[in-house]
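Okay, upload.txt is below, compact mmCIF, C-alpha atoms:
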```txt
# COMPACT_ATOMS: atom_id res chain seq x y z
CA MET A 505 1.66 14.55 3.45
CA SER A 506 -1.56 15.26 1.62
CA LEU A 507 -4.92 14.00 2.77
CA ARG A 508 -5.35 11.72 -0.23
CA SER A 509 -2.08 9.90 0.38
CA ARG A 510 -2.93 9.60 4.07
CA VAL A 511 -6.30 8.09 3.20
CA ILE A 512 -4.71 5.63 0.79
CA ASP A 513 -2.04 4.69 3.34
CA LEU A 514 -4.82 4.04 5.86
CA TYR A 515 -6.64 1.91 3.29
CA LYS A 516 -3.48 -0.10 2.59
CA ASN A 517 -2.90 -0.60 6.32
CA LEU A 518 -6.43 -1.81 6.93
CA TYR A 519 -6.39 -4.03 3.84
CA HIS A 520 -3.17 -5.68 4.97
CA MET A 521 -4.43 -6.18 8.51
CA GLY A 522 -7.66 -7.71 7.25
CA LYS A 523 -5.98 -10.54 5.40
CA GLU A 524 -6.16 -12.80 8.47
CA TYR A 525 -9.36 -11.52 10.01
CA PRO A 526 -11.21 -14.31 11.87
CA GLY A 527 -14.43 -13.59 10.01
CA GLY A 528 -12.70 -14.13 6.67
CA SER A 529 -10.62 -11.80 4.56
CA LYS A 530 -13.28 -11.56 1.84
CA TRP A 531 -15.88 -10.27 4.30
CA PHE A 532 -13.43 -7.80 5.80
CA HIS A 533 -12.24 -6.48 2.45
CA ASP A 534 -15.80 -6.04 1.20
CA ARG A 535 -16.77 -4.12 4.32
CA LEU A 536 -13.62 -2.02 4.07
CA LYS A 537 -14.37 -1.07 0.48
CA LEU A 538 -17.97 -0.26 1.41
CA ALA A 539 -16.91 1.93 4.34
CA PHE A 540 -14.48 3.90 2.20
CA SER A 541 -16.94 4.20 -0.69
CA LYS A 542 -19.64 5.61 1.58
CA ASN A 543 -17.37 8.53 2.45
CA LYS A 544 -15.88 9.21 -0.95
CA GLU A 545 -17.92 12.39 -1.43
CA VAL A 546 -16.50 14.12 1.65
CA GLN A 547 -14.69 17.33 0.71
CA ASP A 548 -14.23 19.13 4.04
CA SER A 549 -10.68 18.64 5.30
CA LYS A 550 -11.76 18.72 8.95
CA GLN A 551 -14.23 15.92 8.36
CA VAL A 552 -11.62 13.94 6.42
CA GLU A 553 -9.27 14.32 9.39
CA GLN A 554 -11.95 12.95 11.71
CA LEU A 555 -12.56 9.97 9.43
CA ILE A 556 -8.81 9.26 9.24
CA ALA A 557 -8.62 9.35 13.04
CA ARG A 558 -11.50 6.89 13.22
CA GLY A 559 -9.74 4.60 10.74
CA GLU A 560 -6.56 4.72 12.83
CA PHE A 561 -8.66 3.80 15.85
CA VAL A 562 -9.95 0.76 13.94
CA VAL A 563 -6.35 -0.20 13.13
CA LYS A 564 -5.50 -0.17 16.83
CA GLU A 565 -8.62 -2.20 17.63
CA ILE A 566 -7.65 -4.88 15.12
CA GLU A 567 -4.12 -4.96 16.51
CA ALA A 568 -5.57 -5.51 19.97
CA LEU A 569 -7.81 -8.25 18.60
CA TYR A 570 -4.87 -10.09 17.06
CA SER A 571 -2.81 -9.71 20.25
CA LEU A 572 -5.67 -11.08 22.30
CA ARG A 573 -6.12 -13.99 19.93
CA LYS A 574 -2.41 -14.81 20.19
CA TYR A 575 -2.57 -14.55 23.98
CA ARG A 576 -5.61 -16.81 24.02
CA ALA A 577 -3.83 -19.42 21.90
CA MET A 578 -0.78 -19.37 24.17
CA LYS A 579 -2.93 -19.56 27.29
CA GLN A 580 -4.89 -22.52 25.96
CA ARG A 581 -1.66 -24.47 25.59
CA TYR A 582 -0.93 -24.09 29.30
CA TYR A 583 -4.29 -23.85 31.04
CA ASP A 584 -7.80 -25.15 30.50
CA LYS A 585 -9.94 -22.27 31.77
CA ASP A 586 -10.40 -19.54 29.21
CA GLU A 587 -13.97 -18.36 29.71
CA GLU A 588 -12.93 -14.84 30.66
CA VAL A 589 -10.63 -14.58 27.65
CA SER A 590 -13.42 -15.78 25.38
CA ILE A 591 -15.77 -13.17 26.79
CA ALA A 592 -13.19 -10.41 26.26
CA THR A 593 -12.49 -11.63 22.73
CA GLN A 594 -16.18 -11.63 21.92
CA LYS A 595 -16.50 -8.13 23.33
CA PHE A 596 -13.66 -6.91 21.13
CA GLU A 597 -15.12 -8.58 18.06
CA ASP A 598 -18.52 -7.02 18.73
CA SER A 599 -16.99 -3.57 19.15
CA VAL A 600 -15.07 -3.96 15.89
CA LYS A 601 -18.19 -5.07 14.04
CA LYS A 602 -20.12 -2.05 15.29
CA LEU A 603 -17.65 0.38 13.74
CA MET B 738 96.52 -27.19 11.71
CA PHE B 739 94.23 -26.14 14.52
CA GLY B 740 92.34 -23.72 12.24
CA ARG B 741 91.75 -26.42 9.64
CA GLN B 742 90.27 -28.79 12.21
CA VAL B 743 87.86 -26.10 13.40
CA GLY B 744 86.76 -25.47 9.80
CA ARG B 745 85.98 -29.14 9.27
CA VAL B 746 83.95 -29.43 12.46
CA VAL B 747 81.51 -26.75 11.28
CA PHE B 748 80.29 -28.91 8.39
CA ARG B 749 80.11 -32.17 10.34
CA THR B 750 77.11 -33.77 12.00
CA ALA B 751 76.39 -33.68 15.72
CA SER B 752 77.61 -37.22 16.33
CA VAL B 753 81.03 -36.42 14.89
CA VAL B 754 81.19 -33.36 17.13
CA VAL B 755 80.44 -35.55 20.13
CA GLN B 756 83.12 -38.03 19.14
CA ARG B 757 85.67 -35.31 18.72
CA ARG B 758 84.73 -33.87 22.07
CA SER B 759 85.24 -37.22 23.79
CA VAL B 760 88.59 -37.74 22.08
CA SER B 761 90.09 -34.39 23.03
CA ALA B 762 88.33 -32.32 25.66
CA SER B 763 90.54 -29.33 25.08
CA VAL B 764 88.80 -28.43 21.79
CA PRO B 765 86.34 -25.58 22.47
CA GLN B 766 82.64 -26.04 21.62
CA MET B 767 81.93 -23.63 18.75
CA VAL B 768 79.25 -25.34 16.69
CA LYS B 769 75.53 -24.70 17.06
CA LEU B 770 72.84 -26.27 14.93
CA VAL B 771 69.99 -24.12 13.60
CA ALA B 772 66.48 -25.54 13.91
CA PRO B 773 64.57 -25.67 10.61
CA SER B 774 61.69 -23.18 10.24
CA VAL B 775 58.16 -24.37 9.49
CA ASN B 776 56.15 -22.51 6.83
CA PHE B 777 52.42 -22.02 7.45
CA ILE B 778 50.21 -20.98 4.55
CA GLN B 779 47.08 -19.38 6.00
CA THR B 780 43.93 -18.88 3.91
CA ARG B 781 42.50 -15.38 3.88
CA GLY B 782 38.97 -14.85 5.11
CA SER B 783 37.89 -13.27 1.87
CA LYS B 784 38.63 -16.45 -0.02
CA ILE B 785 36.22 -18.57 1.99
CA GLU B 786 33.37 -19.69 -0.22
CA VAL B 787 29.94 -18.71 1.07
CA PHE B 788 27.54 -21.62 0.84
CA GLY B 789 23.94 -22.03 1.82
CA PRO B 790 20.47 -23.06 0.74
CA PHE B 791 19.60 -19.74 -0.91
CA ASP B 792 19.54 -19.02 -4.62
CA PRO B 793 21.14 -15.99 -6.24
CA PRO B 794 18.66 -13.58 -7.85
CA LYS B 795 17.81 -14.71 -11.35
CA GLN B 796 17.43 -12.41 -14.30
CA LEU B 797 13.78 -12.04 -15.22
CA THR B 798 12.51 -12.01 -18.79
CA PHE B 799 9.62 -10.12 -20.32
CA LYS B 800 7.58 -13.31 -20.57
CA GLN B 801 8.07 -14.15 -16.88
CA VAL B 802 7.16 -10.64 -15.74
CA GLU B 803 4.06 -10.66 -17.95
CA ASP B 804 2.93 -14.04 -16.60
CA ARG B 805 3.46 -12.99 -13.01
CA VAL B 806 1.69 -9.65 -13.48
CA LEU B 807 -1.36 -11.29 -15.02
CA LYS B 808 -1.34 -14.02 -12.37
CA ALA B 809 -1.26 -11.42 -9.58
CA VAL B 810 -4.13 -9.45 -11.10
CA ARG B 811 -6.18 -12.60 -11.74
CA SER B 812 -5.69 -13.92 -8.22
CA TRP B 813 -6.89 -10.67 -6.62
CA ASP B 814 -9.80 -11.66 -4.42
CA ARG B 815 -12.30 -9.22 -5.87
CA PHE B 816 -11.39 -9.69 -9.53
CA PRO B 817 -14.56 -10.23 -11.62
CA ALA B 818 -14.52 -13.80 -12.89
CA ASP B 819 -16.69 -13.06 -15.92
CA LYS B 820 -14.13 -10.62 -17.32
CA GLU B 821 -11.15 -12.97 -17.20
CA SER B 822 -11.08 -13.18 -20.99
CA LEU B 823 -10.39 -9.43 -21.10
CA LEU B 824 -7.26 -9.82 -18.96
CA LYS B 825 -4.41 -8.78 -21.25
CA LEU B 826 -1.50 -6.42 -20.93
CA ASP B 827 -3.28 -3.68 -22.88
CA ALA B 828 -6.49 -3.86 -20.82
CA ASP B 829 -7.56 -0.54 -19.33
CA LEU B 830 -8.25 -0.78 -15.61
CA SER B 831 -11.11 1.69 -15.45
CA LYS B 832 -12.73 1.32 -18.89
CA ASP B 833 -12.57 -2.45 -19.36
CA PHE B 834 -12.98 -3.60 -15.75
CA GLY B 835 -14.71 -0.66 -14.09
CA PHE B 836 -12.16 -0.37 -11.29
CA ASP B 837 -12.02 2.76 -9.19
CA SER B 838 -9.00 4.17 -7.38
CA LEU B 839 -9.37 1.92 -4.33
CA ASP B 840 -9.52 -1.19 -6.50
CA GLN B 841 -6.40 0.03 -8.26
CA VAL B 842 -4.71 0.44 -4.86
CA GLU B 843 -5.57 -3.16 -4.04
CA ILE B 844 -4.23 -4.40 -7.38
CA VAL B 845 -0.98 -2.50 -6.78
CA MET B 846 -0.78 -4.19 -3.38
CA ALA B 847 -1.21 -7.57 -5.07
CA LEU B 848 1.64 -6.72 -7.45
CA GLU B 849 3.78 -5.64 -4.48
CA ASP B 850 3.17 -8.98 -2.78
CA GLU B 851 4.00 -10.86 -5.98
CA PHE B 852 7.27 -9.11 -6.78
CA GLY B 853 8.45 -8.29 -3.27
CA PHE B 854 9.07 -4.56 -3.49
CA GLU B 855 7.01 -1.50 -2.63
CA ILE B 856 5.54 0.74 -5.31
CA PRO B 857 5.26 4.37 -4.15
CA LEU B 858 1.92 6.10 -4.43
CA GLN B 859 3.09 8.76 -6.88
CA ASP B 860 4.24 5.99 -9.22
CA SER B 861 1.16 3.81 -8.89
CA ASP B 862 -1.12 6.77 -9.61
CA LYS B 863 0.18 6.80 -13.18
CA PHE B 864 -0.94 3.23 -13.89
CA LYS B 865 -3.78 3.36 -16.41
CA THR B 866 -3.39 -0.04 -18.04
CA ILE B 867 -1.73 -3.25 -16.93
CA ARG B 868 1.05 -2.50 -19.41
CA ASP B 869 1.97 0.60 -17.39
CA ALA B 870 2.51 -1.61 -14.34
CA PHE B 871 4.41 -4.09 -16.51
CA LYS B 872 6.74 -1.38 -17.80
CA TYR B 873 7.29 -0.02 -14.30
CA ILE B 874 8.23 -3.47 -12.97
CA CYS B 875 10.55 -4.14 -15.94
CA GLU B 876 12.30 -0.83 -15.33
CA ARG B 877 12.50 -1.49 -11.60
CA GLU B 878 13.91 -5.01 -11.99
CA ASP B 879 16.22 -4.19 -14.95
CA VAL B 880 14.47 -6.55 -17.34
CA TYR B 881 15.76 -6.06 -20.87
CA GLU B 882 15.14 -9.23 -22.89
```
The structure given in the file should be rewritten as structure tokens.
Amino acid sequence: MSLRSRVIDLYKNLYHMGKEYPGGSKWFHDRLKLAFSKNKEVQDSKQVEQLIARGEFVVKEIEALYSLRKYRAMKQRYYDKDEEVSIATQKFEDSVKKL
Amino acid sequence: MFGRQVGRVVFRTASVVVQRRSVSASVPQMVKLVAPSVNFIQTRGSKIEVFGPFDPPKQLTFKQVEDRVLKAVRSWDRFPADKESLLKLDADLSKDFGFDSLDQVEIVMALEDEFGFEIPLQDSDKFKTIRDAFKYICEREDVYE
């Protein structure tokens, strides 16, 4: 698979995962477009590989965020104390925003 | 005489046989009745009508495909609202709207969500106008009228 198709597959993956982002899909899609546009001049294949790896890391982070959100919702239906889960969720959201 | 009596007994009913037996016990019992057979007609499994709340796939028309394509492009979340009057089938994606390749990827994803099938990358790269996408979808869905 060529690098261009891998980049576009990554973009499609991230776009699809951002449709239900807690900060709003519009915000996520705008940031996604901006992040990809900033790197559109990169020609070195090694650097493109590094950027693709970073994008795949972001995909895994968002998957973890959604899993944690689902776990938090299920836990709230059974228990009342969720301070630790809120702290972990906030930590994940902060780490995703820093990327 | 004895042979004739035996021949008559064969075509008689059971009660007559019993009477004859009671009259003369020396007559041998030679008559047996055959039970009638019951015929069952069983329906084959392939004939069972399949029912359910789903609809069979309808044949699309050019007008329906055009309306759905334009609706999908218009409802894309980053579509410029001031250029909605330019939205026609013959509109060029890069010249009229200023879309780059990533915007085109997003529009193709919107069309995929609208029509429910996946468009491969080597096919979506050839889309220059909305009519190219329209023709691709008509060919994919066998639209001919």
Need to verify the contact set: Phe596 of chain A, 12 Å, all atoms listed in the file, exclusion of same-chain residues closer than 5 positions in sequence. Can you return it as a PDB file with C-alpha atoms, in the coordinates of the input?
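Wrote it out as around.pdb, contents follow:
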```
ATOM      1  CA  VAL A 562      -9.950   0.760  13.940  1.00  0.00           C
ATOM      2  CA  LYS A 564      -5.500  -0.170  16.830  1.00  0.00           C
ATOM      3  CA  GLU A 565      -8.620  -2.200  17.630  1.00  0.00           C
ATOM      4  CA  ILE A 566      -7.650  -4.880  15.120  1.00  0.00           C
ATOM      5  CA  GLU A 567      -4.120  -4.960  16.510  1.00  0.00           C
ATOM      6  CA  ALA A 568      -5.570  -5.510  19.970  1.00  0.00           C
ATOM      7  CA  LEU A 569      -7.810  -8.250  18.600  1.00  0.00           C
ATOM      8  CA  TYR A 570      -4.870 -10.090  17.060  1.00  0.00           C
ATOM      9  CA  SER A 571      -2.810  -9.710  20.250  1.00  0.00           C
ATOM     10  CA  LEU A 572      -5.670 -11.080  22.300  1.00  0.00           C
ATOM     11  CA  ARG A 573      -6.120 -13.990  19.930  1.00  0.00           C
ATOM     12  CA  VAL A 589     -10.630 -14.580  27.650  1.00  0.00           C
ATOM     13  CA  SER A 590     -13.420 -15.780  25.380  1.00  0.00           C
ATOM     14  CA  ILE A 591     -15.770 -13.170  26.790  1.00  0.00           C
ATOM     15  CA  LYS A 601     -18.190  -5.070  14.040  1.00  0.00           C
ATOM     16  CA  LYS A 602     -20.120  -2.050  15.290  1.00  0.00           C
ATOM     17  CA  LEU A 603     -17.650   0.380  13.740  1.00  0.00           C
TER      18      LEU A 603
END
```
A straight line from atom CA of Val552 of chain A to atom CA of Arg508 of chain A spans 9.4 Å
Could you make a table, as JSON lines, of the residues of chain A that have an atom within 8 Å of an atom of chain B, each with its nearest atom pair and distance in Å to one decimal, counting all atoms listed in the file, in chain and number order?
```
{"residue": "A:Ser509", "atom": "CA", "partner": "B:Leu858", "partner_atom": "CA", "distance": 7.3}
{"residue": "A:Ile512", "atom": "CA", "partner": "B:Val842", "partner_atom": "CA", "distance": 7.7}
{"residue": "A:Lys516", "atom": "CA", "partner": "B:Val842", "partner_atom": "CA", "distance": 7.6}
{"residue": "A:Tyr519", "atom": "CA", "partner": "B:Glu843", "partner_atom": "CA", "distance": 8.0}
{"residue": "A:Lys530", "atom": "CA", "partner": "B:Asp814", "partner_atom": "CA", "distance": 7.2}
{"residue": "A:Lys537", "atom": "CA", "partner": "B:Leu839", "partner_atom": "CA", "distance": 7.6}
```
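Taking all atoms listed in the file into account, those protein, DNA and RNA residues with any atom at most 12 Å away from (-2.2, 13.1, 7.2) amount to Met505, Ser506, Leu507, Arg508, Ser509, Arg510, Val511, Ile512, Asp513, Leu514, Ser549, Lys550, Val552, Glu553, Gln554, Leu555, Ile556, Ala557, Gly559 and Glu560 of chain A.
Note that atom CA of Val546 of chain A and atom CA of Ser599 of chain A are 24.9 Å apart.
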Separation of atom CA of Ser861 of chain B and atom CA of Tyr525 of chain A, in Å? 26.5 Å
